[in-house]
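Visitor: One structure, as structure tokens, below. Some questions next.
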Amino acid sequence: MGFAVLVSGRGTNLQALIDAVKEGKIKEEISLVISDNPKAYALRRCEENQIPYEVIPREKFKTREEFEGELVKALKGVKLVVLAGFMRILGKTFLKEFYGKAINIHPSLLPSFKGLRAQRRALSYGVKYSGCSVHFVDESVDGGPIIIQAVVPLLPNDDEETLEKRILQYEHRILPQSVKWFLEGRVKLFGRKVLVEGAKYGTYPTNPKLEDF
Ligand code: GRF
């Protein structure tokens with residue numbers, strides 16, 4: 001059994017994972033993709049790459065517990081669950097089985113701009129830097145322990161689309177990186193703090209260039 005990916009939409013992060021597996025950077029297979037949305041473009045990517053998938057729509061179930069029970073059943077035995085653009089909040093039933101074994105990618109420098117349209121909110125707030133974060137899933141929205149973040153500058157002429165694109169390039173790097181680390185058994189969780197054994201950390205990669213200093 002390898003790892004599983006949960007999606008709801010276009011699946012560019014799923015694609016980055018598919019590519020990382022193909023290139024041998026991630027040494028495990030994607031054993032299953034689950035979408036809650038039957039129309040997700042991510043499912044086409046599964047077909048094109050012969051990856052098994054299941055559609056489990058939330059509307060089919062009366063309660064969130066039942067929906068999560070079905071997810072847990074389908075995911076039995078996987079080493080890691082990756083939420084890559086999965087638009088549902090997961091609770092106790094899922095986390096009882098998967099806390100510490102489920103990660104999510106979010107397009108902001110957490111804890112800023114949790115939730116939907118993070119890039120648009122970063123723009124209208126006027127921050128100079130945003131980015132993306134991969135974190136463990138807990139019961140909060142985008143609030144679990146952080147594994148890795150990439151810092152991305154906002155430029156004066158950015159709109160939501162240009163910022164989203166710039167951040168996405170980094171999502172496609174840090175998500176496969178975290179999956180690789182996790183599957184190599186190098187990600188250690190100490191309460192809220194995550195350490196990655198043997199990771200090469202850069203020093204101050206984001207200091208801005210200043211004029212006249
Ligand atoms: C990404 O921006 C991800 O960070 C967020 O949802 C978006 C999914 O994009 N959680 P894609 O489906 O992977 O292209």
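Identifiers for the structure tokens are assigned positionally: chains receive A, B, ... in sequence, residues are indexed from 1 per chain, and ligands are indexed from 1 in the order shown.
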Please identify every polymer residue within 8 Å of ligand 1, using only C-alpha atoms and all ligand atoms, and present the set as an MDAnalysis selection string.
Guide: chainID A and resid 7:15 42 83:87 104:108 132:133 164 167:168 171
Visitor: What's around region 19-23 of chain A at 10 Å? Count only C-alpha atoms, leave out sequence neighbours fewer than 3 positions away in its own chain, and write the answer as a PyMOL selection string.
Guide: chain A and resi 13-16+26-30+49+172-173+176-177+179-180
Visitor: Save the residues we just selected, N, CA and C atoms, as a PDB file, in the first residue's frame?
Guide:
ATOM      1  N   ASN A  13      -1.987  19.914  -8.044  1.00  0.00           N
ATOM      2  CA  ASN A  13      -1.118  19.348  -7.001  1.00  0.00           C
ATOM      3  C   ASN A  13      -1.060  17.828  -7.104  1.00  0.00           C
ATOM      4  N   LEU A  14      -2.192  17.214  -7.444  1.00  0.00           N
ATOM      5  CA  LEU A  14      -2.187  15.771  -7.703  1.00  0.00           C
ATOM      6  C   LEU A  14      -1.201  15.464  -8.825  1.00  0.00           C
ATOM      7  N   GLN A  15      -1.236  16.282  -9.877  1.00  0.00           N
ATOM      8  CA  GLN A  15      -0.333  16.081 -11.013  1.00  0.00           C
ATOM      9  C   GLN A  15       1.129  16.163 -10.570  1.00  0.00           C
ATOM     10  N   ALA A  16       1.430  17.123  -9.695  1.00  0.00           N
ATOM     11  CA  ALA A  16       2.813  17.251  -9.212  1.00  0.00           C
ATOM     12  C   ALA A  16       3.229  15.974  -8.472  1.00  0.00           C
ATOM     13  N   ILE A  26       9.503  10.235  -5.415  1.00  0.00           N
ATOM     14  CA  ILE A  26       8.722   9.577  -4.359  1.00  0.00           C
ATOM     15  C   ILE A  26       8.718   8.093  -4.695  1.00  0.00           C
ATOM     16  N   LYS A  27       9.103   7.291  -3.727  1.00  0.00           N
ATOM     17  CA  LYS A  27       9.331   5.872  -4.033  1.00  0.00           C
ATOM     18  C   LYS A  27       8.096   4.987  -3.815  1.00  0.00           C
ATOM     19  N   GLU A  28       6.965   5.582  -3.434  1.00  0.00           N
ATOM     20  CA  GLU A  28       5.736   4.802  -3.234  1.00  0.00           C
ATOM     21  C   GLU A  28       4.728   5.183  -4.308  1.00  0.00           C
ATOM     22  N   GLU A  29       3.770   4.283  -4.512  1.00  0.00           N
ATOM     23  CA  GLU A  29       2.725   4.533  -5.507  1.00  0.00           C
ATOM     24  C   GLU A  29       1.560   5.319  -4.900  1.00  0.00           C
ATOM     25  N   ILE A  30       0.798   5.989  -5.771  1.00  0.00           N
ATOM     26  CA  ILE A  30      -0.487   6.544  -5.338  1.00  0.00           C
ATOM     27  C   ILE A  30      -1.482   5.391  -5.440  1.00  0.00           C
ATOM     28  N   ASN A  49      -3.339   8.436 -16.181  1.00  0.00           N
ATOM     29  CA  ASN A  49      -2.144   7.860 -15.565  1.00  0.00           C
ATOM     30  C   ASN A  49      -2.404   6.510 -14.886  1.00  0.00           C
ATOM     31  N   HIS A 172       3.621  23.139  -5.844  1.00  0.00           N
ATOM     32  CA  HIS A 172       4.011  21.930  -6.574  1.00  0.00           C
ATOM     33  C   HIS A 172       5.400  21.449  -6.195  1.00  0.00           C
ATOM     34  N   ARG A 173       6.146  22.271  -5.489  1.00  0.00           N
ATOM     35  CA  ARG A 173       7.454  21.836  -4.985  1.00  0.00           C
ATOM     36  C   ARG A 173       7.350  21.327  -3.554  1.00  0.00           C
ATOM     37  N   PRO A 176       5.108  17.612  -2.933  1.00  0.00           N
ATOM     38  CA  PRO A 176       5.840  16.367  -3.151  1.00  0.00           C
ATOM     39  C   PRO A 176       7.016  16.200  -2.174  1.00  0.00           C
ATOM     40  N   GLN A 177       7.671  17.312  -1.839  1.00  0.00           N
ATOM     41  CA  GLN A 177       8.775  17.246  -0.883  1.00  0.00           C
ATOM     42  C   GLN A 177       8.289  16.701   0.467  1.00  0.00           C
ATOM     43  N   VAL A 179       5.653  14.865   1.066  1.00  0.00           N
ATOM     44  CA  VAL A 179       5.216  13.469   0.925  1.00  0.00           C
ATOM     45  C   VAL A 179       6.444  12.553   0.953  1.00  0.00           C
ATOM     46  N   LYS A 180       7.473  12.959   0.230  1.00  0.00           N
ATOM     47  CA  LYS A 180       8.720  12.174   0.225  1.00  0.00           C
ATOM     48  C   LYS A 180       9.280  12.055   1.649  1.00  0.00           C
TER      49      LYS A 180
END
Visitor: I'd like the contact shell of region 119-124 of chain A - 8 Å cut-off, only C-alpha atoms, skipping same-chain residues fewer than 2 positions apart - returned as a ChimeraX atom specification.
Guide: /A:107-108,113,117,126-127,130,154,158-160,163-164
Visitor: Would you work out the distance separating CA of Lys92 (chain A) from CA of Gly2 (chain A), expressed in Å to one decimal?
Guide: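 Spanning CA of Lys92 (chain A) to CA of Gly2 (chain A) is a straight-line distance of 23.3 Å.
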Visitor: Could you pull out the alpha helix (DSSP H) residues of region 43-134 of chain A, going by DSSP on the backbone, and write them as number ranges by chain?
Guide: A: 43-48, 64-74, 92-98, 118-125
Visitor: Please dump the current selection as a compact mmCIF listing (two decimals), in the first residue's frame; keep N, CA, C and O atoms.
Guide:
# COMPACT_ATOMS: atom_id res chain seq x y z
N LEU A 43 -9.86 13.75 -11.81
CA LEU A 43 -10.20 12.35 -12.14
C LEU A 43 -9.70 11.99 -13.54
O LEU A 43 -9.33 10.85 -13.80
N ARG A 44 -9.70 12.97 -14.45
CA ARG A 44 -9.15 12.74 -15.78
C ARG A 44 -7.66 12.41 -15.69
O ARG A 44 -7.13 11.56 -16.42
N ARG A 45 -7.00 13.12 -14.79
CA ARG A 45 -5.56 12.87 -14.60
C ARG A 45 -5.34 11.43 -14.12
O ARG A 45 -4.37 10.78 -14.50
N CYS A 46 -6.26 10.94 -13.28
CA CYS A 46 -6.16 9.54 -12.81
C CYS A 46 -6.31 8.60 -13.99
O CYS A 46 -5.55 7.64 -14.13
N GLU A 47 -7.31 8.87 -14.83
CA GLU A 47 -7.53 8.00 -15.99
C GLU A 47 -6.31 7.99 -16.91
O GLU A 47 -5.85 6.94 -17.33
N GLU A 48 -5.79 9.17 -17.16
CA GLU A 48 -4.62 9.26 -18.05
C GLU A 48 -3.40 8.55 -17.49
O GLU A 48 -2.52 8.14 -18.24
N ARG A 64 -21.87 14.00 8.52
CA ARG A 64 -20.44 14.05 8.21
C ARG A 64 -19.74 12.78 8.71
O ARG A 64 -18.83 12.28 8.07
N GLU A 65 -20.23 12.26 9.84
CA GLU A 65 -19.62 11.04 10.41
C GLU A 65 -19.72 9.88 9.41
O GLU A 65 -18.78 9.13 9.22
N GLU A 66 -20.91 9.75 8.81
CA GLU A 66 -21.09 8.65 7.86
C GLU A 66 -20.19 8.83 6.63
O GLU A 66 -19.61 7.87 6.13
N PHE A 67 -20.12 10.06 6.17
CA PHE A 67 -19.23 10.37 5.02
C PHE A 67 -17.78 10.01 5.36
O PHE A 67 -17.10 9.31 4.61
N GLU A 68 -17.36 10.44 6.55
CA GLU A 68 -15.98 10.17 6.95
C GLU A 68 -15.75 8.68 7.17
O GLU A 68 -14.67 8.15 6.88
N GLY A 69 -16.78 7.99 7.67
CA GLY A 69 -16.70 6.53 7.86
C GLY A 69 -16.41 5.84 6.53
O GLY A 69 -15.58 4.93 6.45
N GLU A 70 -17.07 6.32 5.50
CA GLU A 70 -16.87 5.76 4.15
C GLU A 70 -15.44 6.05 3.65
O GLU A 70 -14.80 5.18 3.06
N LEU A 71 -14.98 7.27 3.90
CA LEU A 71 -13.60 7.60 3.52
C LEU A 71 -12.61 6.67 4.22
O LEU A 71 -11.72 6.09 3.59
N VAL A 72 -12.81 6.52 5.53
CA VAL A 72 -11.89 5.69 6.33
C VAL A 72 -11.86 4.27 5.78
O VAL A 72 -10.80 3.66 5.65
N LYS A 73 -13.05 3.76 5.43
CA LYS A 73 -13.14 2.40 4.89
C LYS A 73 -12.33 2.28 3.59
O LYS A 73 -11.55 1.37 3.40
N ALA A 74 -12.54 3.27 2.70
CA ALA A 74 -11.85 3.23 1.40
C ALA A 74 -10.34 3.38 1.56
O ALA A 74 -9.56 2.88 0.75
N LYS A 92 -13.66 14.21 13.67
CA LYS A 92 -13.23 13.13 14.58
C LYS A 92 -13.15 11.75 13.93
O LYS A 92 -12.21 11.01 14.17
N THR A 93 -14.19 11.39 13.17
CA THR A 93 -14.24 10.03 12.63
C THR A 93 -13.04 9.77 11.73
O THR A 93 -12.43 8.70 11.79
N PHE A 94 -12.68 10.74 10.93
CA PHE A 94 -11.51 10.60 10.05
C PHE A 94 -10.22 10.65 10.88
O PHE A 94 -9.32 9.84 10.71
N LEU A 95 -10.17 11.64 11.80
CA LEU A 95 -8.91 11.88 12.50
C LEU A 95 -8.57 10.79 13.52
O LEU A 95 -7.39 10.59 13.84
N LYS A 96 -9.59 10.09 14.00
CA LYS A 96 -9.32 8.97 14.92
C LYS A 96 -8.40 7.97 14.22
O LYS A 96 -7.51 7.39 14.83
N GLU A 97 -8.58 7.79 12.95
CA GLU A 97 -7.76 6.84 12.19
C GLU A 97 -6.51 7.49 11.63
O GLU A 97 -5.49 6.83 11.48
N PHE A 98 -6.60 8.78 11.28
CA PHE A 98 -5.54 9.34 10.45
C PHE A 98 -4.81 10.54 11.04
O PHE A 98 -3.99 11.14 10.33
N ALA A 118 -7.59 32.41 -0.16
CA ALA A 118 -6.49 32.95 0.64
C ALA A 118 -5.67 33.97 -0.15
O ALA A 118 -5.22 34.98 0.39
N GLN A 119 -5.51 33.71 -1.46
CA GLN A 119 -4.67 34.62 -2.26
C GLN A 119 -5.35 35.98 -2.39
O GLN A 119 -4.71 37.02 -2.27
N ARG A 120 -6.67 35.96 -2.63
CA ARG A 120 -7.40 37.23 -2.78
C ARG A 120 -7.34 38.04 -1.48
O ARG A 120 -7.16 39.26 -1.49
N ARG A 121 -7.46 37.31 -0.35
CA ARG A 121 -7.45 38.04 0.93
C ARG A 121 -6.06 38.58 1.25
O ARG A 121 -5.92 39.65 1.83
N ALA A 122 -5.02 37.85 0.85
CA ALA A 122 -3.65 38.35 1.05
C ALA A 122 -3.45 39.63 0.24
O ALA A 122 -2.90 40.62 0.74
N LEU A 123 -3.96 39.62 -1.00
CA LEU A 123 -3.85 40.82 -1.85
C LEU A 123 -4.58 42.00 -1.24
O LEU A 123 -4.05 43.10 -1.15
N SER A 124 -5.82 41.77 -0.81
CA SER A 124 -6.58 42.95 -0.35
C SER A 124 -6.11 43.41 1.03
O SER A 124 -6.28 44.57 1.38
N TYR A 125 -5.45 42.52 1.79
CA TYR A 125 -4.89 42.97 3.07
C TYR A 125 -3.66 43.85 2.84
O TYR A 125 -3.34 44.72 3.64
Visitor: Residues within 7 Å of Pro145 (chain A), please, as a ChimeraX atom specification. Count only C-alpha atoms; anything in the same chain fewer than 2 positions from it doesn't count.
Guide: /A:135-136,143,147,192-194
Visitor: Could you pull out the strand (DSSP E or B) residues of region 74-194 of chain A, going by DSSP on the backbone, and write them as a PyMOL selection string?
Guide: chain A and resi 81-83+102-106+129-136+146-153+187-190+193-194
